[in-house]
file entry17.pdb (PDB, C-alpha atoms, pLDDT in the B column)
ATOM      1  CA  MET A   1     -35.354  10.987   1.119  1.00 33.00           C
ATOM      2  CA  ILE A   2     -32.713   9.440   3.375  1.00 34.00           C
ATOM      3  CA  LYS A   3     -29.040  10.097   2.683  1.00 35.00           C
ATOM      4  CA  ARG A   4     -26.699   7.293   3.798  1.00 34.00           C
ATOM      5  CA  LEU A   5     -23.031   6.549   3.222  1.00 35.00           C
ATOM      6  CA  LEU A   6     -21.996   3.171   1.903  1.00 36.00           C
ATOM      7  CA  ALA A   7     -18.644   1.434   1.948  1.00 34.00           C
ATOM      8  CA  ILE A   8     -18.530  -0.820  -1.098  1.00 36.00           C
ATOM      9  CA  ALA A   9     -15.775  -3.395  -1.551  1.00 34.00           C
ATOM     10  CA  GLY A  10     -12.860  -1.014  -1.035  1.00 38.00           C
ATOM     11  CA  PHE A  11     -14.097   1.785  -3.287  1.00 41.00           C
ATOM     12  CA  GLY A  12     -14.190   4.134  -0.301  1.00 44.00           C
ATOM     13  CA  LEU A  13     -17.199   6.057   0.929  1.00 41.00           C
ATOM     14  CA  LEU A  14     -20.135   6.268  -1.444  1.00 42.00           C
ATOM     15  CA  ALA A  15     -23.412   8.054  -0.841  1.00 42.00           C
ATOM     16  CA  SER A  16     -26.754   6.689  -1.816  1.00 40.00           C
ATOM     17  CA  THR A  17     -30.114   8.383  -1.572  1.00 37.00           C
ATOM     18  CA  VAL A  18     -33.022   6.072  -0.851  1.00 33.00           C
ATOM     19  CA  SER A  19     -36.700   6.918  -0.668  1.00 32.00           C
ATOM     20  CA  ALA A  20     -37.719   4.449   2.046  1.00 33.00           C
ATOM     21  CA  PRO A  21     -35.961   2.508   4.819  1.00 34.00           C
ATOM     22  CA  SER A  22     -37.286  -0.765   3.331  1.00 32.00           C
ATOM     23  CA  ILE A  23     -34.855  -0.387   0.425  1.00 31.00           C
ATOM     24  CA  LEU A  24     -31.950  -0.705   2.850  1.00 32.00           C
ATOM     25  CA  ALA A  25     -33.076  -4.248   3.640  1.00 34.00           C
ATOM     26  CA  GLN A  26     -32.677  -5.145  -0.054  1.00 34.00           C
ATOM     27  CA  GLN A  27     -28.998  -4.170  -0.219  1.00 34.00           C
ATOM     28  CA  PRO A  28     -26.477  -6.982  -0.785  1.00 36.00           C
ATOM     29  CA  ASP A  29     -24.429  -8.205   2.176  1.00 37.00           C
ATOM     30  CA  SER A  30     -21.303  -6.482   0.789  1.00 37.00           C
ATOM     31  CA  LEU A  31     -22.797  -3.056   1.581  1.00 36.00           C
ATOM     32  CA  GLN A  32     -22.433  -1.517   5.016  1.00 38.00           C
ATOM     33  CA  VAL A  33     -24.618   1.437   5.979  1.00 39.00           C
ATOM     34  CA  LEU A  34     -22.661   4.052   7.921  1.00 38.00           C
ATOM     35  CA  PRO A  35     -24.238   6.877   9.936  1.00 41.00           C
ATOM     36  CA  THR A  36     -24.111  10.240   8.212  1.00 40.00           C
ATOM     37  CA  ASP A  37     -22.291  11.780  11.182  1.00 43.00           C
ATOM     38  CA  SER A  38     -19.277   9.527  10.474  1.00 42.00           C
ATOM     39  CA  LEU A  39     -18.157  11.775   7.598  1.00 41.00           C
ATOM     40  CA  PRO A  40     -14.927  13.590   8.447  1.00 42.00           C
ATOM     41  CA  GLY A  41     -15.221  17.360   8.694  1.00 43.00           C
ATOM     42  CA  PRO A  42     -12.844  19.850   7.057  1.00 41.00           C
ATOM     43  CA  GLU A  43     -10.372  19.485   9.924  1.00 40.00           C
ATOM     44  CA  ALA A  44      -9.920  15.756   9.128  1.00 42.00           C
ATOM     45  CA  ALA A  45      -9.735  16.090   5.351  1.00 46.00           C
ATOM     46  CA  GLY A  46      -6.511  16.362   3.370  1.00 52.00           C
ATOM     47  CA  ASN A  47      -7.299  19.944   2.287  1.00 70.00           C
ATOM     48  CA  CYS A  48      -4.962  20.715  -0.555  1.00 76.00           C
ATOM     49  CA  THR A  49      -4.767  23.810  -2.719  1.00 82.00           C
ATOM     50  CA  LEU A  50      -6.549  23.152  -6.003  1.00 84.00           C
ATOM     51  CA  THR A  51      -4.566  24.338  -9.038  1.00 87.00           C
ATOM     52  CA  TRP A  52      -5.330  24.262 -12.744  1.00 88.00           C
ATOM     53  CA  ASP A  53      -3.387  24.573 -15.982  1.00 88.00           C
ATOM     54  CA  PRO A  54      -4.619  24.597 -19.589  1.00 90.00           C
ATOM     55  CA  ILE A  55      -3.987  21.424 -21.598  1.00 90.00           C
ATOM     56  CA  ASP A  56      -5.312  22.635 -24.971  1.00 86.00           C
ATOM     57  CA  PRO A  57      -3.948  25.741 -26.713  1.00 87.00           C
ATOM     58  CA  ASP A  58      -7.453  27.153 -27.354  1.00 88.00           C
ATOM     59  CA  THR A  59      -8.623  27.546 -23.774  1.00 90.00           C
ATOM     60  CA  ARG A  60     -10.574  30.557 -22.573  1.00 92.00           C
ATOM     61  CA  SER A  61     -11.481  31.875 -19.142  1.00 91.00           C
ATOM     62  CA  LEU A  62     -13.698  34.603 -17.753  1.00 94.00           C
ATOM     63  CA  SER A  63     -13.670  35.616 -14.098  1.00 94.00           C
ATOM     64  CA  ILE A  64     -16.586  37.548 -12.633  1.00 95.00           C
ATOM     65  CA  ARG A  65     -16.613  39.203  -9.236  1.00 94.00           C
ATOM     66  CA  GLU A  66     -19.983  38.684  -7.552  1.00 90.00           C
ATOM     67  CA  ALA A  67     -21.661  41.222  -5.244  1.00 89.00           C
ATOM     68  CA  SER A  68     -20.343  39.171  -2.299  1.00 88.00           C
ATOM     69  CA  GLY A  69     -16.792  39.929  -3.464  1.00 88.00           C
ATOM     70  CA  GLN A  70     -16.140  36.295  -4.397  1.00 92.00           C
ATOM     71  CA  HIS A  71     -15.038  35.300  -7.893  1.00 94.00           C
ATOM     72  CA  VAL A  72     -16.652  32.815 -10.251  1.00 95.00           C
ATOM     73  CA  THR A  73     -14.401  31.693 -13.097  1.00 95.00           C
ATOM     74  CA  TYR A  74     -15.781  30.115 -16.299  1.00 96.00           C
ATOM     75  CA  LEU A  75     -13.273  28.015 -18.248  1.00 94.00           C
ATOM     76  CA  SER A  76     -13.659  26.464 -21.703  1.00 93.00           C
ATOM     77  CA  GLY A  77     -11.224  24.021 -23.216  1.00 91.00           C
ATOM     78  CA  ARG A  78      -9.437  21.201 -21.426  1.00 92.00           C
ATOM     79  CA  TYR A  79      -7.694  22.039 -18.175  1.00 92.00           C
ATOM     80  CA  LEU A  80      -5.748  19.817 -15.799  1.00 93.00           C
ATOM     81  CA  TRP A  81      -6.908  20.270 -12.195  1.00 92.00           C
ATOM     82  CA  THR A  82      -4.560  19.063  -9.456  1.00 90.00           C
ATOM     83  CA  CYS A  83      -5.171  18.582  -5.759  1.00 85.00           C
ATOM     84  CA  ASP A  84      -2.279  16.804  -4.035  1.00 84.00           C
ATOM     85  CA  THR A  85      -2.080  13.408  -5.825  1.00 84.00           C
ATOM     86  CA  ALA A  86      -5.547  13.703  -7.411  1.00 90.00           C
ATOM     87  CA  THR A  87      -5.920  14.968 -10.985  1.00 93.00           C
ATOM     88  CA  MET A  88      -9.030  15.910 -12.959  1.00 94.00           C
ATOM     89  CA  GLU A  89      -9.605  16.914 -16.575  1.00 95.00           C
ATOM     90  CA  ALA A  90     -12.714  18.125 -18.414  1.00 95.00           C
ATOM     91  CA  ASP A  91     -13.856  19.968 -21.521  1.00 95.00           C
ATOM     92  CA  SER A  92     -15.026  22.969 -19.472  1.00 95.00           C
ATOM     93  CA  ALA A  93     -15.438  24.056 -15.865  1.00 96.00           C
ATOM     94  CA  VAL A  94     -16.841  26.628 -13.466  1.00 96.00           C
ATOM     95  CA  LYS A  95     -14.811  27.484 -10.357  1.00 95.00           C
ATOM     96  CA  TYR A  96     -16.554  29.081  -7.373  1.00 95.00           C
ATOM     97  CA  ASP A  97     -13.909  30.680  -5.145  1.00 91.00           C
ATOM     98  CA  GLY A  98     -16.262  31.505  -2.270  1.00 90.00           C
ATOM     99  CA  LEU A  99     -17.625  27.955  -2.118  1.00 92.00           C
ATOM    100  CA  ARG A 100     -14.202  26.410  -2.839  1.00 91.00           C
ATOM    101  CA  ARG A 101     -15.953  24.226  -5.401  1.00 94.00           C
ATOM    102  CA  VAL A 102     -15.354  23.392  -9.042  1.00 95.00           C
ATOM    103  CA  ASP A 103     -17.861  21.906 -11.501  1.00 97.00           C
ATOM    104  CA  LEU A 104     -16.294  20.006 -14.428  1.00 96.00           C
ATOM    105  CA  PHE A 105     -18.294  19.291 -17.595  1.00 97.00           C
ATOM    106  CA  GLY A 106     -17.806  16.927 -20.544  1.00 95.00           C
ATOM    107  CA  ASN A 107     -15.409  13.977 -20.887  1.00 96.00           C
ATOM    108  CA  VAL A 108     -14.379  14.228 -17.250  1.00 96.00           C
ATOM    109  CA  THR A 109     -11.541  12.074 -15.959  1.00 96.00           C
ATOM    110  CA  TYR A 110     -10.435  11.814 -12.329  1.00 95.00           C
ATOM    111  CA  GLN A 111      -7.552   9.874 -10.814  1.00 94.00           C
ATOM    112  CA  ASP A 112      -6.133   9.593  -7.316  1.00 91.00           C
ATOM    113  CA  SER A 113      -3.866   7.043  -5.642  1.00 89.00           C
ATOM    114  CA  ILE A 114      -6.535   4.306  -5.455  1.00 90.00           C
ATOM    115  CA  ARG A 115      -8.997   4.814  -8.340  1.00 93.00           C
ATOM    116  CA  THR A 116      -9.830   6.325 -11.695  1.00 95.00           C
ATOM    117  CA  LEU A 117     -13.175   7.711 -12.777  1.00 96.00           C
ATOM    118  CA  ARG A 118     -14.850   8.798 -15.990  1.00 97.00           C
ATOM    119  CA  SER A 119     -18.127  10.744 -16.164  1.00 97.00           C
ATOM    120  CA  GLU A 120     -19.840  13.619 -17.930  1.00 97.00           C
ATOM    121  CA  LEU A 121     -20.179  15.838 -14.846  1.00 97.00           C
ATOM    122  CA  LEU A 122     -18.038  16.045 -11.717  1.00 97.00           C
ATOM    123  CA  THR A 123     -18.295  18.413  -8.756  1.00 96.00           C
ATOM    124  CA  TYR A 124     -15.314  18.695  -6.439  1.00 94.00           C
ATOM    125  CA  PHE A 125     -15.680  20.313  -3.009  1.00 93.00           C
ATOM    126  CA  GLU A 126     -12.196  21.423  -1.992  1.00 89.00           C
ATOM    127  CA  ILE A 127     -12.776  21.821   1.763  1.00 88.00           C
ATOM    128  CA  GLN A 128     -14.381  18.405   2.245  1.00 89.00           C
ATOM    129  CA  ASP A 129     -12.311  16.639  -0.467  1.00 89.00           C
ATOM    130  CA  LEU A 130     -15.681  15.380  -1.723  1.00 91.00           C
ATOM    131  CA  VAL A 131     -16.134  14.172  -5.309  1.00 93.00           C
ATOM    132  CA  ILE A 132     -19.613  13.846  -6.823  1.00 96.00           C
ATOM    133  CA  ALA A 133     -19.751  12.366 -10.328  1.00 96.00           C
ATOM    134  CA  GLN A 134     -22.879  12.101 -12.486  1.00 96.00           C
ATOM    135  CA  GLU A 135     -23.940  10.840 -15.903  1.00 95.00           C
ATOM    136  CA  GLU A 136     -22.337   7.705 -17.327  1.00 94.00           C
ATOM    137  CA  VAL A 137     -20.047   7.164 -14.343  1.00 96.00           C
ATOM    138  CA  GLU A 138     -17.365   4.473 -14.477  1.00 96.00           C
ATOM    139  CA  LEU A 139     -15.228   4.068 -11.349  1.00 95.00           C
ATOM    140  CA  THR A 140     -12.246   1.681 -11.468  1.00 95.00           C
ATOM    141  CA  ARG A 141     -10.244   0.552  -8.451  1.00 93.00           C
ATOM    142  CA  LEU A 142      -6.542   0.496  -9.398  1.00 93.00           C
ATOM    143  CA  VAL A 143      -5.422  -2.430  -7.240  1.00 93.00           C
ATOM    144  CA  ASP A 144      -7.581  -5.058  -9.008  1.00 94.00           C
ATOM    145  CA  GLN A 145      -9.308  -3.170 -11.870  1.00 95.00           C
ATOM    146  CA  SER A 146     -12.776  -3.883 -10.426  1.00 94.00           C
ATOM    147  CA  ARG A 147     -15.382  -1.518 -11.885  1.00 95.00           C
ATOM    148  CA  LEU A 148     -18.468   0.255 -10.655  1.00 93.00           C
ATOM    149  CA  THR A 149     -20.776   1.848 -13.250  1.00 94.00           C
ATOM    150  CA  GLY A 150     -23.935   3.873 -12.833  1.00 94.00           C
ATOM    151  CA  PRO A 151     -25.543   7.302 -13.023  1.00 95.00           C
ATOM    152  CA  HIS A 152     -24.129   8.789  -9.794  1.00 95.00           C
ATOM    153  CA  VAL A 153     -21.308   8.210  -7.301  1.00 94.00           C
ATOM    154  CA  GLU A 154     -19.896  10.164  -4.358  1.00 93.00           C
ATOM    155  CA  PHE A 155     -16.626   9.574  -2.525  1.00 90.00           C
ATOM    156  CA  LEU A 156     -13.868  11.330  -0.639  1.00 88.00           C
ATOM    157  CA  ARG A 157     -10.544  12.023  -2.341  1.00 85.00           C
ATOM    158  CA  ALA A 158      -7.852   9.569  -1.248  1.00 81.00           C
ATOM    159  CA  VAL A 159      -5.476  11.282   1.158  1.00 74.00           C
ATOM    160  CA  SER A 160      -2.325   9.900   2.720  1.00 64.00           C
TER     161      SER A 160
END
call {"tool": "encode", "arguments": {"input": "entry17.pdb", "output": "structure tokens"}}
result
Amino acid sequence: MIKRLLAIAGFGLLASTVSAPSILAQQPDSLQVLPTDSLPGPEAAGNCTLTWDPIDPDTRSLSIREASGQHVTYLSGRYLWTCDTATMEADSAVKYDGLRRVDLFGNVTYQDSIRTLRSELLTYFEIQDLVIAQEEVELTRLVDQSRLTGPHVEFLRAVS
């Protein structure tokens, strides 16, 4: 498998996995293949502190300390996750402190300064500001309401 980054009509960076280089020749002219080493590292990302607050009154959480000393927190019920100007909501989540990652499950919504997204699963990597959405993904660009739908999308959180 080859992992490439794509810039699609102003939606930002998107990743696509292809099984053979010949597929790249079939991409529409509006796609531009970028080298994988062009991704910004943690030092270039916006790096905010991810916070969360319960939205529903019947939320529950359980935090477990792993052998490594890091915590994993399981959350049920809708929570609002905030990272700078980006917000995320979901029916449940798992937060991995050591990895600085959160997995959001069920009726996921995401919004930042340039787009909104709906999906059934979203993984947010806090250090890289990387968003990976899966299952019934609908990405909408705010400036013109253009939409991208599909099973999987990856992009970097909009930072100022």
call {"tool": "closest_residue", "arguments": {"input": "entry17.pdb", "among": "A:Asp144, A:Gln128, A:Leu104, A:Gly98", "to": "Ala67 of chain A", "atoms": "all atoms listed in the file"}}
result
A:Gly98
call {"tool": "closest_atom_pairs", "arguments": {"input": "entry17.pdb", "of": "segment 102-136 of chain A", "to": "segment 70-86 of chain A", "cutoff": "9 Å", "atoms": "only C-alpha atoms", "output": "Markdown table"}}
result
| residue | atom | partner | partner_atom | distance |
| --- | --- | --- | --- | --- |
| A:Tyr110 | CA | A:Ala86 | CA | 7.2 |
| A:Gln111 | CA | A:Ala86 | CA | 5.5 |
| A:Asp112 | CA | A:Ala86 | CA | 4.2 |
| A:Ser113 | CA | A:Thr85 | CA | 6.6 |
| A:Glu126 | CA | A:Cys83 | CA | 8.5 |
call {"tool": "resolve_selection", "arguments": {"input": "entry17.pdb", "expression": "the PyMOL selection byres ((chain A and resi 105) around 6)", "output": "list of chain:residue names"}}
result
A:Ala90, A:Asp91, A:Ser92, A:Ala93, A:Leu104, A:Gly106, A:Glu120, A:Leu121
call {"tool": "atom_distance", "arguments": {"input": "entry17.pdb", "atom1": "atom CA of Ile64 of chain A", "atom2": "atom CA of Cys48 of chain A"}}
result
23.8 Å
call {"tool": "atom_distance", "arguments": {"input": "entry17.pdb", "atom1": "atom CA of Thr49 of chain A", "atom2": "atom CA of Phe155 of chain A"}}
result
18.5 Å
call {"tool": "atom_distance", "arguments": {"input": "entry17.pdb", "atom1": "atom CA of Phe125 of chain A", "atom2": "atom CA of Val94 of chain A"}}
result
12.3 Å
call {"tool": "closest_residue", "arguments": {"input": "entry17.pdb", "among": "A:Gly69, A:Val137, A:Val102, A:Asn47", "to": "Ala158 of chain A", "atoms": "all atoms listed in the file"}}
result
A:Asn47
call {"tool": "closest_residue", "arguments": {"input": "entry17.pdb", "among": "A:Asp97, A:Glu138, A:Asp103, A:Asp129", "to": "Glu66 of chain A", "atoms": "only C-alpha atoms"}}
result
A:Asp97
call {"tool": "resolve_selection", "arguments": {"input": "entry17.pdb", "expression": "the PyMOL selection byres ((chain A and resi 147) around 10)", "output": "list of chain:residue names"}}
result
A:Phe11, A:Arg115, A:Thr116, A:Leu117, A:Glu138, A:Leu139, A:Thr140, A:Arg141, A:Leu142, A:Asp144, A:Gln145, A:Ser146, A:Leu148, A:Thr149
call {"tool": "residues_around", "arguments": {"input": "entry17.pdb", "residues": "His152 of chain A", "least_positions_apart": "4", "cutoff": "8 Å", "atoms": "all atoms listed in the file", "output": "PDB file with C-alpha atoms, in the coordinates of the input"}}
result
ATOM      1  CA  ILE A 132     -19.613  13.846  -6.823  1.00 96.00           C
ATOM      2  CA  ALA A 133     -19.751  12.366 -10.328  1.00 96.00           C
ATOM      3  CA  GLN A 134     -22.879  12.101 -12.486  1.00 96.00           C
ATOM      4  CA  GLU A 135     -23.940  10.840 -15.903  1.00 95.00           C
ATOM      5  CA  GLU A 136     -22.337   7.705 -17.327  1.00 94.00           C
ATOM      6  CA  VAL A 137     -20.047   7.164 -14.343  1.00 96.00           C
TER       7      VAL A 137
END
call {"tool": "resolve_selection", "arguments": {"input": "entry17.pdb", "expression": "the PyMOL selection byres ((chain A and resi 131) around 6)", "output": "list in words"}}
result
Thr123, Tyr124, Leu130, Ile132, Glu154, Phe155 and Leu156 of chain A
call {"tool": "closest_residue", "arguments": {"input": "entry17.pdb", "among": "A:Val108, A:Val159, A:Ile114, A:Leu62", "to": "Met88 of chain A", "atoms": "all atoms listed in the file"}}
result
A:Val108
call {"tool": "build_atoms", "arguments": {"input": "entry17.pdb", "residues": "segment 46-72 of chain A", "atoms": "N, CA, C and O atoms", "output": "PDB file, in the coordinates of the input"}}
result
ATOM      1  N   GLY A  46      -7.867  16.071   3.801  1.00 52.00           N
ATOM      2  CA  GLY A  46      -6.511  16.362   3.370  1.00 52.00           C
ATOM      3  C   GLY A  46      -6.281  17.822   3.031  1.00 52.00           C
ATOM      4  O   GLY A  46      -5.184  18.327   3.132  1.00 52.00           O
ATOM      5  N   ASN A  47      -7.341  18.530   2.624  1.00 70.00           N
ATOM      6  CA  ASN A  47      -7.299  19.944   2.287  1.00 70.00           C
ATOM      7  C   ASN A  47      -6.040  20.366   1.546  1.00 70.00           C
ATOM      8  O   ASN A  47      -5.057  20.781   2.128  1.00 70.00           O
ATOM      9  N   CYS A  48      -6.070  20.253   0.261  1.00 76.00           N
ATOM     10  CA  CYS A  48      -4.962  20.715  -0.555  1.00 76.00           C
ATOM     11  C   CYS A  48      -5.380  22.002  -1.254  1.00 76.00           C
ATOM     12  O   CYS A  48      -6.534  22.405  -1.186  1.00 76.00           O
ATOM     13  N   THR A  49      -4.460  22.633  -1.918  1.00 82.00           N
ATOM     14  CA  THR A  49      -4.767  23.810  -2.719  1.00 82.00           C
ATOM     15  C   THR A  49      -4.984  23.354  -4.155  1.00 82.00           C
ATOM     16  O   THR A  49      -4.083  22.808  -4.786  1.00 82.00           O
ATOM     17  N   LEU A  50      -6.191  23.563  -4.656  1.00 84.00           N
ATOM     18  CA  LEU A  50      -6.549  23.152  -6.003  1.00 84.00           C
ATOM     19  C   LEU A  50      -5.914  24.095  -7.014  1.00 84.00           C
ATOM     20  O   LEU A  50      -6.046  25.311  -6.917  1.00 84.00           O
ATOM     21  N   THR A  51      -5.190  23.541  -7.979  1.00 87.00           N
ATOM     22  CA  THR A  51      -4.566  24.338  -9.038  1.00 87.00           C
ATOM     23  C   THR A  51      -5.063  23.839 -10.383  1.00 87.00           C
ATOM     24  O   THR A  51      -5.534  22.709 -10.507  1.00 87.00           O
ATOM     25  N   TRP A  52      -4.934  24.670 -11.406  1.00 88.00           N
ATOM     26  CA  TRP A  52      -5.330  24.262 -12.744  1.00 88.00           C
ATOM     27  C   TRP A  52      -4.426  24.890 -13.782  1.00 88.00           C
ATOM     28  O   TRP A  52      -3.931  25.987 -13.622  1.00 88.00           O
ATOM     29  N   ASP A  53      -4.211  24.129 -14.860  1.00 88.00           N
ATOM     30  CA  ASP A  53      -3.387  24.573 -15.982  1.00 88.00           C
ATOM     31  C   ASP A  53      -4.048  24.137 -17.277  1.00 88.00           C
ATOM     32  O   ASP A  53      -4.578  23.020 -17.362  1.00 88.00           O
ATOM     33  N   PRO A  54      -4.022  24.985 -18.307  1.00 90.00           N
ATOM     34  CA  PRO A  54      -4.619  24.597 -19.589  1.00 90.00           C
ATOM     35  C   PRO A  54      -3.845  23.448 -20.234  1.00 90.00           C
ATOM     36  O   PRO A  54      -2.622  23.377 -20.141  1.00 90.00           O
ATOM     37  N   ILE A  55      -4.582  22.537 -20.862  1.00 90.00           N
ATOM     38  CA  ILE A  55      -3.987  21.424 -21.598  1.00 90.00           C
ATOM     39  C   ILE A  55      -4.008  21.745 -23.088  1.00 90.00           C
ATOM     40  O   ILE A  55      -3.045  21.531 -23.801  1.00 90.00           O
ATOM     41  N   ASP A  56      -5.145  22.280 -23.568  1.00 86.00           N
ATOM     42  CA  ASP A  56      -5.312  22.635 -24.971  1.00 86.00           C
ATOM     43  C   ASP A  56      -4.865  24.073 -25.216  1.00 86.00           C
ATOM     44  O   ASP A  56      -4.981  24.927 -24.330  1.00 86.00           O
ATOM     45  N   PRO A  57      -4.387  24.374 -26.416  1.00 87.00           N
ATOM     46  CA  PRO A  57      -3.948  25.741 -26.713  1.00 87.00           C
ATOM     47  C   PRO A  57      -5.108  26.736 -26.837  1.00 87.00           C
ATOM     48  O   PRO A  57      -4.910  27.927 -26.668  1.00 87.00           O
ATOM     49  N   ASP A  58      -6.314  26.253 -27.124  1.00 88.00           N
ATOM     50  CA  ASP A  58      -7.453  27.153 -27.354  1.00 88.00           C
ATOM     51  C   ASP A  58      -8.365  27.258 -26.136  1.00 88.00           C
ATOM     52  O   ASP A  58      -9.587  27.216 -26.257  1.00 88.00           O
ATOM     53  N   THR A  59      -7.805  27.402 -24.976  1.00 90.00           N
ATOM     54  CA  THR A  59      -8.623  27.546 -23.774  1.00 90.00           C
ATOM     55  C   THR A  59      -8.993  29.008 -23.565  1.00 90.00           C
ATOM     56  O   THR A  59      -8.295  29.920 -24.018  1.00 90.00           O
ATOM     57  N   ARG A  60     -10.099  29.214 -22.888  1.00 92.00           N
ATOM     58  CA  ARG A  60     -10.574  30.557 -22.573  1.00 92.00           C
ATOM     59  C   ARG A  60     -11.048  30.575 -21.124  1.00 92.00           C
ATOM     60  O   ARG A  60     -11.512  29.565 -20.603  1.00 92.00           O
ATOM     61  N   SER A  61     -10.950  31.739 -20.492  1.00 91.00           N
ATOM     62  CA  SER A  61     -11.481  31.875 -19.142  1.00 91.00           C
ATOM     63  C   SER A  61     -12.063  33.266 -18.955  1.00 91.00           C
ATOM     64  O   SER A  61     -11.630  34.230 -19.592  1.00 91.00           O
ATOM     65  N   LEU A  62     -13.056  33.347 -18.091  1.00 94.00           N
ATOM     66  CA  LEU A  62     -13.698  34.603 -17.753  1.00 94.00           C
ATOM     67  C   LEU A  62     -13.972  34.572 -16.262  1.00 94.00           C
ATOM     68  O   LEU A  62     -14.633  33.656 -15.772  1.00 94.00           O
ATOM     69  N   SER A  63     -13.460  35.541 -15.540  1.00 94.00           N
ATOM     70  CA  SER A  63     -13.670  35.616 -14.098  1.00 94.00           C
ATOM     71  C   SER A  63     -14.579  36.797 -13.791  1.00 94.00           C
ATOM     72  O   SER A  63     -14.342  37.909 -14.272  1.00 94.00           O
ATOM     73  N   ILE A  64     -15.613  36.515 -12.997  1.00 95.00           N
ATOM     74  CA  ILE A  64     -16.586  37.548 -12.633  1.00 95.00           C
ATOM     75  C   ILE A  64     -16.583  37.701 -11.119  1.00 95.00           C
ATOM     76  O   ILE A  64     -16.638  36.709 -10.395  1.00 95.00           O
ATOM     77  N   ARG A  65     -16.539  38.934 -10.670  1.00 94.00           N
ATOM     78  CA  ARG A  65     -16.613  39.203  -9.236  1.00 94.00           C
ATOM     79  C   ARG A  65     -18.077  39.428  -8.879  1.00 94.00           C
ATOM     80  O   ARG A  65     -18.724  40.344  -9.391  1.00 94.00           O
ATOM     81  N   GLU A  66     -18.595  38.580  -7.978  1.00 90.00           N
ATOM     82  CA  GLU A  66     -19.983  38.684  -7.552  1.00 90.00           C
ATOM     83  C   GLU A  66     -20.137  39.810  -6.533  1.00 90.00           C
ATOM     84  O   GLU A  66     -19.155  40.334  -6.002  1.00 90.00           O
ATOM     85  N   ALA A  67     -21.378  40.174  -6.225  1.00 89.00           N
ATOM     86  CA  ALA A  67     -21.661  41.222  -5.244  1.00 89.00           C
ATOM     87  C   ALA A  67     -21.058  40.887  -3.882  1.00 89.00           C
ATOM     88  O   ALA A  67     -20.680  41.782  -3.127  1.00 89.00           O
ATOM     89  N   SER A  68     -20.926  39.598  -3.574  1.00 88.00           N
ATOM     90  CA  SER A  68     -20.343  39.171  -2.299  1.00 88.00           C
ATOM     91  C   SER A  68     -18.832  39.401  -2.253  1.00 88.00           C
ATOM     92  O   SER A  68     -18.223  39.259  -1.198  1.00 88.00           O
ATOM     93  N   GLY A  69     -18.240  39.736  -3.397  1.00 88.00           N
ATOM     94  CA  GLY A  69     -16.792  39.929  -3.464  1.00 88.00           C
ATOM     95  C   GLY A  69     -16.054  38.671  -3.903  1.00 88.00           C
ATOM     96  O   GLY A  69     -14.853  38.714  -4.167  1.00 88.00           O
ATOM     97  N   GLN A  70     -16.748  37.552  -3.973  1.00 92.00           N
ATOM     98  CA  GLN A  70     -16.140  36.295  -4.397  1.00 92.00           C
ATOM     99  C   GLN A  70     -16.129  36.206  -5.921  1.00 92.00           C
ATOM    100  O   GLN A  70     -16.984  36.779  -6.597  1.00 92.00           O
ATOM    101  N   HIS A  71     -15.164  35.469  -6.451  1.00 94.00           N
ATOM    102  CA  HIS A  71     -15.038  35.300  -7.893  1.00 94.00           C
ATOM    103  C   HIS A  71     -15.622  33.975  -8.350  1.00 94.00           C
ATOM    104  O   HIS A  71     -15.505  32.961  -7.666  1.00 94.00           O
ATOM    105  N   VAL A  72     -16.231  34.014  -9.539  1.00 95.00           N
ATOM    106  CA  VAL A  72     -16.652  32.815 -10.251  1.00 95.00           C
ATOM    107  C   VAL A  72     -15.898  32.848 -11.573  1.00 95.00           C
ATOM    108  O   VAL A  72     -15.927  33.844 -12.285  1.00 95.00           O
TER     109      VAL A  72
END
